[in-house]
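Novice: The following file, input-v3.cif, comprises mmCIF, C-alpha atoms and all ligand atoms:
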data_input
#
loop_
_atom_site.label_atom_id
_atom_site.label_comp_id
_atom_site.auth_asym_id
_atom_site.auth_seq_id
_atom_site.Cartn_x
_atom_site.Cartn_y
_atom_site.Cartn_z
CA VAL A 5 0.00 0.00 0.00
CA ARG A 6 1.38 3.40 -0.89
CA ALA A 7 0.55 6.18 1.53
CA SER A 8 -0.81 8.23 -1.36
CA ASP A 9 -3.41 5.53 -2.04
CA HIS A 10 -4.40 5.41 1.59
CA ALA A 11 -7.76 6.92 2.48
CA GLY A 12 -6.27 8.69 5.50
CA MET A 13 -3.97 10.89 3.43
CA ASP A 14 -5.17 14.47 3.15
CA THR A 15 -2.84 17.36 2.48
CA ASN A 16 -5.47 19.92 3.48
CA LEU A 17 -3.62 21.49 6.37
CA SER A 18 -6.27 21.60 9.07
CA ARG A 19 -7.77 18.28 7.93
CA THR A 20 -4.56 16.27 8.26
CA ARG A 21 -4.96 13.35 10.63
CA PHE A 22 -2.42 14.99 12.96
CA CYS A 23 -4.54 18.15 13.24
CA GLN A 24 -7.72 16.16 13.73
CA ARG A 25 -6.29 13.77 16.35
CA PHE A 26 -4.67 16.57 18.40
CA GLN A 27 -7.21 19.30 17.62
CA LEU A 28 -4.71 21.55 15.88
CA ASP A 29 -5.03 24.11 13.08
CA VAL A 30 -1.45 23.77 11.80
CA PRO A 31 0.13 20.32 11.26
CA ILE A 32 3.33 21.24 13.08
CA ALA A 33 4.82 20.08 16.36
CA LEU A 34 7.48 22.13 18.09
CA ALA A 35 10.59 19.93 18.45
CA PRO A 36 11.26 19.52 22.18
CA MET A 37 14.66 21.20 21.92
CA ALA A 38 16.74 21.06 25.06
CA TYR A 39 17.16 24.52 26.60
CA ALA A 40 15.43 26.27 23.66
CA ALA A 41 11.84 24.93 23.68
CA GLY A 42 10.79 26.34 27.02
CA GLY A 43 7.35 27.14 28.35
CA LEU A 44 6.84 30.39 26.44
CA LEU A 45 7.74 28.89 23.05
CA ALA A 46 5.57 25.81 23.64
CA ALA A 47 2.69 28.06 24.69
CA ALA A 48 3.12 30.35 21.68
CA CYS A 49 3.00 27.32 19.36
CA ALA A 50 -0.10 26.00 21.11
CA ARG A 51 -1.83 29.37 20.83
CA ALA A 52 -1.03 29.41 17.11
CA GLY A 53 -2.73 26.03 16.68
CA ALA A 54 0.37 23.80 16.63
CA LEU A 55 1.49 21.18 19.16
CA GLY A 56 3.83 22.75 21.74
CA LEU A 57 6.30 20.28 23.24
CA VAL A 58 8.55 21.46 26.09
CA GLY A 59 12.13 20.20 25.72
CA GLY A 60 13.01 17.96 28.64
CA GLY A 61 16.31 17.03 26.93
CA TYR A 62 18.76 16.45 29.73
CA CYS A 63 16.10 15.38 32.20
CA GLU A 64 16.89 18.10 34.68
CA LEU A 65 13.96 18.26 37.04
CA PRO A 66 14.44 21.91 38.13
CA TRP A 67 14.44 23.05 34.48
CA LEU A 68 11.22 21.16 33.80
CA GLN A 69 9.67 22.35 37.04
CA ARG A 70 10.28 25.90 35.89
CA GLU A 71 9.33 25.61 32.19
CA TYR A 72 6.42 23.17 32.17
CA PRO A 73 4.08 25.33 34.31
CA ILE A 74 4.94 28.34 32.13
CA ALA A 75 3.70 26.39 29.09
CA LEU A 76 0.44 25.53 30.82
CA GLU A 77 -0.07 28.98 32.22
CA HIS A 78 0.46 30.70 28.87
CA GLY A 79 -1.39 28.51 26.59
CA SER A 80 0.45 24.13 26.90
CA PRO A 81 17.12 11.47 26.58
CA GLU A 82 19.18 9.31 26.99
CA ARG A 83 19.46 10.74 30.50
CA ILE A 84 16.21 9.03 31.31
CA ASP A 85 18.06 5.75 31.86
CA ARG A 86 19.98 7.34 34.71
CA ASP A 87 17.16 9.27 36.32
CA ALA A 88 13.52 8.82 35.33
CA SER A 89 12.08 11.03 38.07
CA PRO A 90 11.47 13.94 35.64
CA LEU A 91 9.35 11.55 33.58
CA ASP A 92 7.22 10.69 36.61
CA TRP A 93 6.93 14.37 37.52
CA VAL A 94 5.70 15.26 34.02
CA LEU A 95 3.29 12.31 33.78
CA GLU A 96 1.66 13.32 37.06
CA ARG A 97 0.75 16.57 35.30
CA ARG A 98 -1.10 14.67 32.57
CA PRO A 99 0.53 16.02 29.39
CA ARG A 100 -1.33 15.61 26.08
CA ALA A 101 1.75 14.03 24.49
CA LEU A 102 5.27 12.97 25.45
CA MET A 103 8.10 12.47 23.00
CA LEU A 104 11.05 10.09 23.32
CA SER A 105 14.07 10.14 21.02
CA PHE A 106 17.43 8.38 20.70
CA GLY A 107 17.12 4.93 22.20
CA ASP A 108 14.79 2.05 22.93
CA PRO A 109 11.45 3.55 24.04
CA ARG A 110 10.01 0.23 25.23
CA PRO A 111 11.02 0.50 28.91
CA TYR A 112 9.08 3.79 29.22
CA GLY A 113 6.24 3.43 26.71
CA PRO A 114 3.74 1.59 28.95
CA ARG A 115 4.06 4.17 31.77
CA ILE A 116 3.49 6.98 29.31
CA THR A 117 0.49 5.50 27.53
CA ALA A 118 -1.06 4.33 30.83
CA SER A 119 -1.03 7.97 31.98
CA GLY A 120 -3.24 8.87 29.00
CA ALA A 121 -0.51 10.78 27.15
CA SER A 122 0.08 10.09 23.46
CA LEU A 123 3.54 8.63 22.94
CA VAL A 124 5.56 10.28 20.18
CA CYS A 125 8.75 8.44 19.17
CA GLN A 126 11.45 10.02 17.04
CA VAL A 127 13.32 7.49 14.90
CA GLN A 128 16.00 7.73 12.25
CA ARG A 129 15.49 4.51 10.33
CA LEU A 130 12.64 2.34 9.17
CA ASP A 131 13.99 -0.62 11.14
CA GLN A 132 13.40 1.26 14.42
CA VAL A 133 9.66 1.60 13.78
CA PRO A 134 8.52 -1.84 15.05
CA GLN A 135 10.23 -1.12 18.39
CA ALA A 136 8.47 2.24 18.65
CA LEU A 137 5.09 0.65 17.86
CA GLU A 138 5.74 -2.00 20.47
CA ALA A 139 6.36 0.80 22.97
CA GLY A 140 2.91 2.15 22.13
CA ALA A 141 3.80 5.04 19.83
CA GLU A 142 0.82 6.86 18.42
CA VAL A 143 3.03 9.21 16.42
CA ILE A 144 6.33 8.38 14.70
CA VAL A 145 8.72 11.20 13.88
CA ALA A 146 11.01 10.39 10.95
CA GLN A 147 14.20 12.37 11.59
CA GLY A 148 16.46 12.95 8.61
CA THR A 149 20.13 13.84 8.90
CA GLU A 150 19.50 17.40 7.63
CA GLY A 151 18.02 18.24 11.02
CA GLY A 152 19.64 20.29 13.75
CA GLY A 153 20.85 18.83 17.03
CA HIS A 154 21.51 15.18 17.80
CA SER A 155 20.83 12.26 15.52
CA ILE A 156 22.12 8.81 14.59
CA ASP A 157 25.61 8.04 13.23
CA PRO A 158 26.30 8.77 9.55
CA VAL A 159 26.51 5.10 8.57
CA GLN A 160 22.91 4.53 9.64
CA GLY A 161 21.39 7.97 9.07
CA ARG A 162 18.85 8.69 6.34
CA SER A 163 17.68 11.86 4.65
CA THR A 164 14.16 13.20 5.10
CA LEU A 165 13.24 13.16 1.41
CA THR A 166 13.39 9.36 1.13
CA LEU A 167 12.83 8.33 4.74
CA VAL A 168 9.39 9.95 5.00
CA PRO A 169 7.68 8.40 1.94
CA GLU A 170 9.21 4.99 2.65
CA MET A 171 7.98 5.13 6.22
CA ALA A 172 4.56 6.47 5.15
CA ASP A 173 4.13 3.47 2.84
CA TRP A 174 5.29 1.06 5.55
CA LEU A 175 2.88 2.51 8.12
CA ALA A 176 0.00 2.52 5.63
CA ALA A 177 0.58 -1.21 5.12
CA HIS A 178 1.38 -2.28 8.69
CA SER A 179 -0.06 0.23 11.15
CA PRO A 180 -2.40 2.62 9.33
CA GLN A 181 -3.67 4.32 12.49
CA THR A 182 -0.15 5.49 13.43
CA LEU A 183 0.61 9.10 12.52
CA LEU A 184 3.84 10.21 10.87
CA LEU A 185 5.68 13.53 11.23
CA ALA A 186 8.64 14.57 9.09
CA ALA A 187 11.63 16.11 10.90
CA GLY A 188 14.75 17.62 9.38
CA GLY A 189 14.66 20.54 7.01
CA VAL A 190 11.07 21.75 7.45
CA ALA A 191 11.40 25.50 7.83
CA ASP A 192 9.00 27.27 5.50
CA GLY A 193 5.80 26.76 3.51
CA ARG A 194 7.59 24.89 0.73
CA THR A 195 9.16 22.33 2.99
CA LEU A 196 5.96 21.92 5.04
CA ALA A 197 3.95 21.30 1.85
CA ALA A 198 6.64 18.87 0.70
CA ALA A 199 6.40 16.90 3.95
CA LEU A 200 2.64 16.51 3.46
CA VAL A 201 3.03 15.53 -0.19
CA LEU A 202 5.61 12.91 0.83
CA GLY A 203 2.93 11.26 2.95
CA ALA A 204 3.57 12.72 6.42
CA ASP A 205 0.64 13.86 8.56
CA GLY A 206 2.63 16.88 9.65
CA ALA A 207 6.11 18.07 10.57
CA LEU A 208 8.23 18.38 13.67
CA VAL A 209 10.07 21.69 13.41
CA GLY A 210 13.26 22.42 15.33
CA SER A 211 15.73 24.89 13.83
CA ARG A 212 13.13 27.27 12.40
CA LEU A 213 11.25 27.55 15.70
CA TRP A 214 14.57 27.86 17.53
CA ALA A 215 15.01 31.19 15.71
CA THR A 216 11.88 32.81 17.12
CA ARG A 217 11.39 35.47 19.71
CA GLU A 218 10.08 33.08 22.41
CA SER A 219 12.87 30.50 22.06
CA LEU A 220 15.22 30.38 25.05
CA ALA A 221 18.30 30.40 22.79
CA ALA A 222 20.63 33.36 23.36
CA PRO A 223 19.54 36.38 21.27
CA ALA A 224 23.13 36.75 20.00
CA ALA A 225 23.11 33.12 18.80
CA LYS A 226 19.88 33.73 16.89
CA GLN A 227 21.36 36.83 15.26
CA HIS A 228 24.54 34.93 14.37
CA ALA A 229 22.48 32.12 12.81
CA LEU A 230 20.85 34.60 10.40
CA GLY A 231 24.23 34.89 8.67
CA LEU A 232 24.68 31.13 8.25
CA GLY A 233 23.71 28.90 5.32
CA GLY A 234 23.16 25.17 5.22
CA ASP A 235 26.75 24.75 3.96
CA ASP A 236 27.96 26.20 7.24
CA THR A 237 26.63 23.24 9.27
CA ILE A 238 28.22 19.86 9.84
CA ARG A 239 27.22 16.68 11.65
CA THR A 240 29.98 15.19 13.79
CA PRO A 241 30.72 13.80 17.27
CA ILE A 242 33.18 16.67 17.82
CA PHE A 243 30.44 18.91 19.25
CA ASP A 244 29.68 16.50 22.11
CA ALA A 245 33.40 16.26 22.92
CA LEU A 246 33.67 20.08 23.01
CA ALA A 247 30.57 20.47 25.15
CA GLY A 248 31.51 17.62 27.48
CA LYS A 249 28.40 15.57 26.67
CA ALA A 250 28.60 11.81 26.93
CA TRP A 251 25.95 10.42 24.57
CA PRO A 252 25.80 6.77 23.49
CA GLU A 253 28.08 6.37 20.47
CA THR A 254 25.24 5.68 18.03
CA PHE A 255 23.46 8.95 18.83
CA GLY A 256 26.49 11.12 19.59
CA TYR A 257 26.32 13.01 16.27
CA THR A 258 25.17 16.62 16.33
CA ARG A 259 24.46 18.95 13.43
CA ALA A 260 25.61 22.44 14.34
CA SER A 261 27.54 25.44 13.04
CA ARG A 262 30.94 24.46 11.64
CA ASN A 263 32.93 27.15 13.39
CA ALA A 264 36.67 27.82 13.77
CA LEU A 265 37.07 25.66 16.87
CA HIS A 266 35.34 22.74 15.12
CA ARG A 267 37.55 23.10 12.05
CA GLN A 268 40.59 23.00 14.29
CA TRP A 269 39.61 19.49 15.45
CA GLU A 270 38.33 18.00 12.20
CA GLY A 271 40.22 14.78 11.48
CA ARG A 272 41.56 14.76 15.04
CA TYR A 273 38.54 13.50 16.97
CA GLU A 274 40.53 10.79 18.75
CA ASP A 275 43.11 13.35 19.94
CA LEU A 276 40.29 15.53 21.21
CA ARG A 277 38.69 12.64 23.04
CA ALA A 278 42.02 11.68 24.61
CA ALA A 279 42.64 15.18 26.04
CA PRO A 280 39.49 17.28 25.79
CA ALA A 281 40.09 19.76 28.63
CA PRO A 282 41.81 22.67 26.76
CA ALA A 283 39.34 22.60 23.85
CA ARG A 284 36.42 22.35 26.25
CA ALA A 285 37.71 25.36 28.16
CA GLU A 286 37.88 27.28 24.89
CA HIS A 287 34.36 26.23 23.98
CA ASP A 288 33.00 27.19 27.39
CA ALA A 289 34.76 30.56 27.31
CA GLY A 290 33.28 31.16 23.84
CA ALA A 291 29.81 30.28 25.09
CA LYS A 292 30.18 32.68 28.00
CA ALA A 293 31.42 35.49 25.77
CA GLY A 294 28.90 34.86 22.97
CA ASP A 295 31.82 34.15 20.62
CA TYR A 296 30.44 31.78 17.99
CA SER A 297 33.82 31.05 16.48
CA ARG A 298 34.36 28.97 19.64
CA ALA A 299 30.84 28.16 20.86
CA PHE A 300 28.79 26.16 18.35
CA ILE A 301 25.13 26.66 17.53
CA ALA A 302 22.98 23.53 17.15
CA VAL A 303 21.01 24.15 13.96
CA GLY A 304 20.19 22.09 10.89
CA GLU A 305 20.75 22.67 7.20
CA ALA A 306 17.48 24.59 7.28
CA VAL A 307 19.38 27.49 8.88
CA GLY A 308 19.92 28.62 5.28
CA LEU A 309 16.16 29.26 5.05
CA ILE A 310 16.03 31.43 8.17
CA GLU A 311 16.04 35.17 7.55
CA ASP A 312 14.40 36.65 10.61
CA VAL A 313 13.52 36.05 14.26
CA PRO A 314 9.75 36.55 14.39
CA PRO A 315 7.28 35.64 17.13
CA ALA A 316 6.51 31.90 16.80
CA GLY A 317 2.83 32.52 16.12
CA GLU A 318 3.62 34.82 13.21
CA LEU A 319 6.05 32.27 11.78
CA LEU A 320 3.57 29.39 12.02
CA ALA A 321 0.85 31.44 10.30
CA ARG A 322 3.32 32.34 7.55
CA MET A 323 4.40 28.71 7.04
CA ALA A 324 0.81 27.46 7.00
CA GLY A 325 -0.34 30.21 4.61
CA GLU A 326 2.48 29.54 2.17
CA ALA A 327 1.97 25.77 2.30
CA LYS A 328 -1.76 26.18 1.64
CA ARG A 329 -1.09 28.41 -1.34
CA LEU A 330 1.39 25.92 -2.80
CA LEU A 331 -1.04 23.07 -2.27
CA GLY A 332 -3.81 25.08 -3.93
CA GLN A 333 -5.95 25.41 -0.82
CA PRO A 334 -8.10 28.41 0.09
C1 LIG B 401 18.76 23.42 19.17
C2 LIG B 401 18.19 22.04 19.00
C3 LIG B 401 18.04 21.23 20.12
C4 LIG B 401 17.47 19.97 20.00
N1 LIG B 401 17.27 19.23 21.12
C5 LIG B 401 16.58 18.08 21.02
C6 LIG B 401 16.23 17.37 22.20
O1 LIG B 401 16.55 17.78 23.33
N2 LIG B 401 15.51 16.23 22.08
C7 LIG B 401 15.12 15.76 20.85
O2 LIG B 401 14.45 14.75 20.79
N3 LIG B 401 15.48 16.38 19.72
C8 LIG B 401 16.18 17.53 19.78
N4 LIG B 401 16.51 18.20 18.63
C9 LIG B 401 16.20 17.58 17.32
C10 LIG B 401 14.75 17.81 16.92
O3 LIG B 401 13.91 16.95 17.66
C11 LIG B 401 14.47 17.58 15.43
O4 LIG B 401 14.77 16.27 15.06
C12 LIG B 401 15.19 18.52 14.48
O5 LIG B 401 15.27 19.81 14.99
C13 LIG B 401 14.49 18.53 13.14
O6 LIG B 401 15.24 19.17 12.17
P1 LIG B 401 15.22 20.77 11.91
O7 LIG B 401 16.15 21.32 12.92
O8 LIG B 401 15.69 20.89 10.51
O9 LIG B 401 13.81 21.24 12.10
C14 LIG B 401 17.09 19.47 18.72
C15 LIG B 401 17.25 20.30 17.61
C16 LIG B 401 17.78 21.56 17.72
C17 LIG B 401 17.92 22.42 16.48
#
Taking this structure as input, can you express it in the form of structure tokens?
Specialist:
Amino acid sequence: VRASDHAGMDTNLSRTRFCQRFQLDVPIALAPMAYAAGGLLAAACARAGALGLVGGGYCELPWLQREYPIALEHGSPERIDRDASPLDWVLERRPRALMLSFGDPRPYGPRITASGASLVCQVQRLDQVPQALEAGAEVIVAQGTEGGGHSIDPVQGRSTLTLVPEMADWLAAHSPQTLLLAAGGVADGRTLAAALVLGADGALVGSRLWATRESLAAPAAKQHALGLGGDDTIRTPIFDALAGKAWPETFGYTRASRNALHRQWEGRYEDLRAAPAPARAEHDAGAKAGDYSRAFIAVGEAVGLIEDVPPAGELLARMAGEAKRLLGQP
């Protein structure tokens, strides 16, 4: 069964299955970006008719305790293996949806679905889908390697343009009730329309919503990103080594700005890993000073499509309007 033959497929924005199931107007979910997708951004997305997901990334309970109530008031992990108490804290607050990325979701799926929350699982390959379904996923996010932030190693990674239609066809044949979101490269009306035409029910948007007024990213980082193109990003494990992050090897690849400090270590990853302290100190000093030749910015190739830092609601309306026009909808 091809997704395009499937009765559930509808590219009319507000009639997509994602909008209908989650009562949305715009088939977009805010990517739960660690330290950027805080309460205000999630709330702004929710008010604009999209799904606002707060980024619980490093499972720091105090961060969540601060940001999650802000989302509710204004509108809406690998670390989890070490400390699942933030998960319990969030589930007690009965979220509409909870997203897991980068690892086997099965140990946590039953707790999440039993709470009444919809489980959203971000995967990078078709062969991870059965595991996500077994965990109880109601929504699968297909993450291509164009995307910003962490993803799978380059040997296994896939690009959005082929991953999404292949996964849409697979789901149509094997689990037609499961929804599919495209992630990686969706940043304007064109790319949103493309995701729907490829068979997704909507898109998970990271980089583009990172560069909005409500995002918690540093204003100077957002301004710096306006001068970057997709060519200026790279996906390597060097960023984790510079930032002192210990991710599992498979998921320790980040797409971010390829700055001077990164270039200095290209081809010398093992040396960096063996003695990371001086480079880390340089990175940290850069982050403190807002010097983006030393501090990296986690953004995807879509950074080349970002030309301003608008309020999230304005951006979502713009993306939806442009996608509708391209799809020939009123
Ligand atoms: C700054 C930033 C931080 C991110 N942090 C997380 C995270 O904490 N958890 C997660 O599942 N994905 C995270 N992602 C990845 C997104 O979920 C998503 O796959 C990606 O942003 C999609 O590609 P795009 O950036 O082209 O929209 C992050 C992405 C960015 C840009």
Novice: Identify, counting all atoms listed in the file, the protein, DNA and RNA residues located within 6 Å of ligand LIG 401 (chain B), and give them as an NGL selection string.
Specialist: :A and (35-38 or 59 or 61 or 105 or 147 or 150-154 or 187-190 or 209-211 or 302-304 or 306)
Novice: With only C-alpha atoms as the atoms that count, which of A:Ile242, A:Val168, A:Ala293, A:Met103 lies nearest to Ala139 (chain A)?
Specialist: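 Among A:Ile242, A:Val168, A:Ala293, A:Met103, it is A:Met103 that comes nearest to Ala139 (chain A).
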Novice: Can you work out the spacing between CA of Ala229 (chain A) and CA of Lys249 (chain A) in Å, to one decimal?
Specialist: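 Atom-to-atom, CA of Ala229 (chain A) to CA of Lys249 (chain A), that is 22.4 Å.
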Novice: Let me make sure I understand: among A:Ile310, A:Leu45, A:Ala136, A:Leu130, which one has the smallest atom-to-atom distance to Asp108 (chain A) if we use all atoms listed in the file?
Specialist: A:Ala136
Novice: Mind checking which residues fall within 7 Å of region 70-73 of chain A, counting only C-alpha atoms, ignoring those fewer than 5 positions away in the same chain, and posting them as a PyMOL selection string?
Specialist: chain A and resi 42-43+58
Novice: Which polymer residues have any atom within 8 Å of an atom of Leu185 (chain A), counting only C-alpha atoms, with same-chain residues fewer than 4 positions away left out, as JSON, numbers by chain?
Specialist: {"A": [143, 144, 145, 146, 204, 205, 206, 207, 208]}
Novice: Okay, now the selection with C-alpha atoms, as a PDB file, keeping the file's coordinate frame?
Specialist:
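Okay, this is what ended up in part_12.pdb:
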ATOM      1  CA  VAL A 143       3.030   9.210  16.420  1.00  0.00           C
ATOM      2  CA  ILE A 144       6.330   8.380  14.700  1.00  0.00           C
ATOM      3  CA  VAL A 145       8.720  11.200  13.880  1.00  0.00           C
ATOM      4  CA  ALA A 146      11.010  10.390  10.950  1.00  0.00           C
ATOM      5  CA  ALA A 204       3.570  12.720   6.420  1.00  0.00           C
ATOM      6  CA  ASP A 205       0.640  13.860   8.560  1.00  0.00           C
ATOM      7  CA  GLY A 206       2.630  16.880   9.650  1.00  0.00           C
ATOM      8  CA  ALA A 207       6.110  18.070  10.570  1.00  0.00           C
ATOM      9  CA  LEU A 208       8.230  18.380  13.670  1.00  0.00           C
TER      10      LEU A 208
END
Novice: Env of Glu311 (chain A): 12 Å cut, atoms = all atoms listed in the file, seq-sep filter 6 positions within chain, self excluded. Answer as a VMD selection string.
Specialist: chain A and resid 191 to 192 212 215 to 216 226 to 233 319
Novice: What separation in Å, quoted to one decimal, exists between CA of Glu142 (chain A) and CA of Ser219 (chain A)?
Specialist: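 For CA of Glu142 (chain A) relative to CA of Ser219 (chain A), the distance reads 26.8 Å.
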Novice: Could you give me, as a ChimeraX atom specification, the residues within 10 Å of Ala197 (chain A), counting only C-alpha atoms and dropping anything in the same chain fewer than 3 positions from it?
Specialist: /A:15-17,190,192-194,200-202,204,206-207,323-324,326-331
Novice: As an exercise, work out the distance from CA of Trp214 (chain A) to CA of Ala41 (chain A) in Å and give it to one decimal place.
Specialist: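 Atom-to-atom, CA of Trp214 (chain A) to CA of Ala41 (chain A), that is 7.3 Å.
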Novice: Env of Tyr257 (chain A): 8 Å cut, atoms = all atoms listed in the file, seq-sep filter 3 positions within chain, self excluded. Answer as a list in words.
Specialist: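 So the residues in contact are His154, Ser155, Ile156, Asp157, Pro158, Arg239, Thr240, Pro241, Ile242, Phe243, Asp244 and Thr254 of chain A.
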Novice: Draw an axis-aligned box tight on the listed atoms of region 193-198 of chain A, then pad every side by 8 Å and write out centre and edge lengths in Å to one decimal as AutoDock Vina command-line options.
Specialist:
--center_x 6.6 --center_y 22.8 --center_z 2.9 --size_x 21.2 --size_y 23.9 --size_z 20.3
Novice: Restricting the calculation to only C-alpha atoms: of A:Trp251, A:Phe26, A:Trp67, A:Phe106, which residue gets closest to Ala40 (chain A)?
Specialist: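 Counting only C-alpha atoms, the residue closest to Ala40 (chain A) is A:Trp67.
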Novice: Smallest atom-to-atom distance to Leu137 (chain A): which of A:Leu184, A:Ala291, A:Val159, A:Ala283, using all atoms listed in the file?
Specialist: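 Closest to Leu137 (chain A) of all the choices is A:Leu184.
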Novice: Starting from the point (16.7, 10.0, 4.6), work out which residues of protein, DNA or RNA have an atom no more than 10 Å away when counting only C-alpha atoms; state them as a list in words.
Specialist: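 Those within range, by chain then number, are Gln128, Arg129, Leu130, Ala146, Gln147, Gly148, Thr149, Glu150, Gln160, Gly161, Arg162, Ser163, Thr164, Leu165, Thr166, Leu167, Val168, Pro169, Glu170 and Gly188 of chain A.
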Novice: Please, which residues in region 38-102 of chain A fall within 12 Å of region 312-315 of chain A when counting all atoms listed in the file, and what is the closest atom pair and distance in Å to one decimal for each, ordered by chain then residue number, as a tab-separated table?
Specialist:
residue	atom	partner	partner_atom	distance
A:Leu44	CA	A:Pro315	CA	10.7
A:Leu45	CA	A:Pro315	CA	9.0
A:Ala46	CA	A:Pro315	CA	11.9
A:Ala47	CA	A:Pro315	CA	11.6
A:Ala48	CA	A:Pro315	CA	8.1
A:Cys49	CA	A:Pro315	CA	9.6
A:Arg51	CA	A:Pro315	CA	11.7
A:Ala52	CA	A:Pro315	CA	10.4
Novice: Could you check which of A:Gly140, A:Gly294, A:Pro134, A:Gly332 is closest to Arg115 (chain A), using all atoms listed in the file?
Specialist: A:Gly140
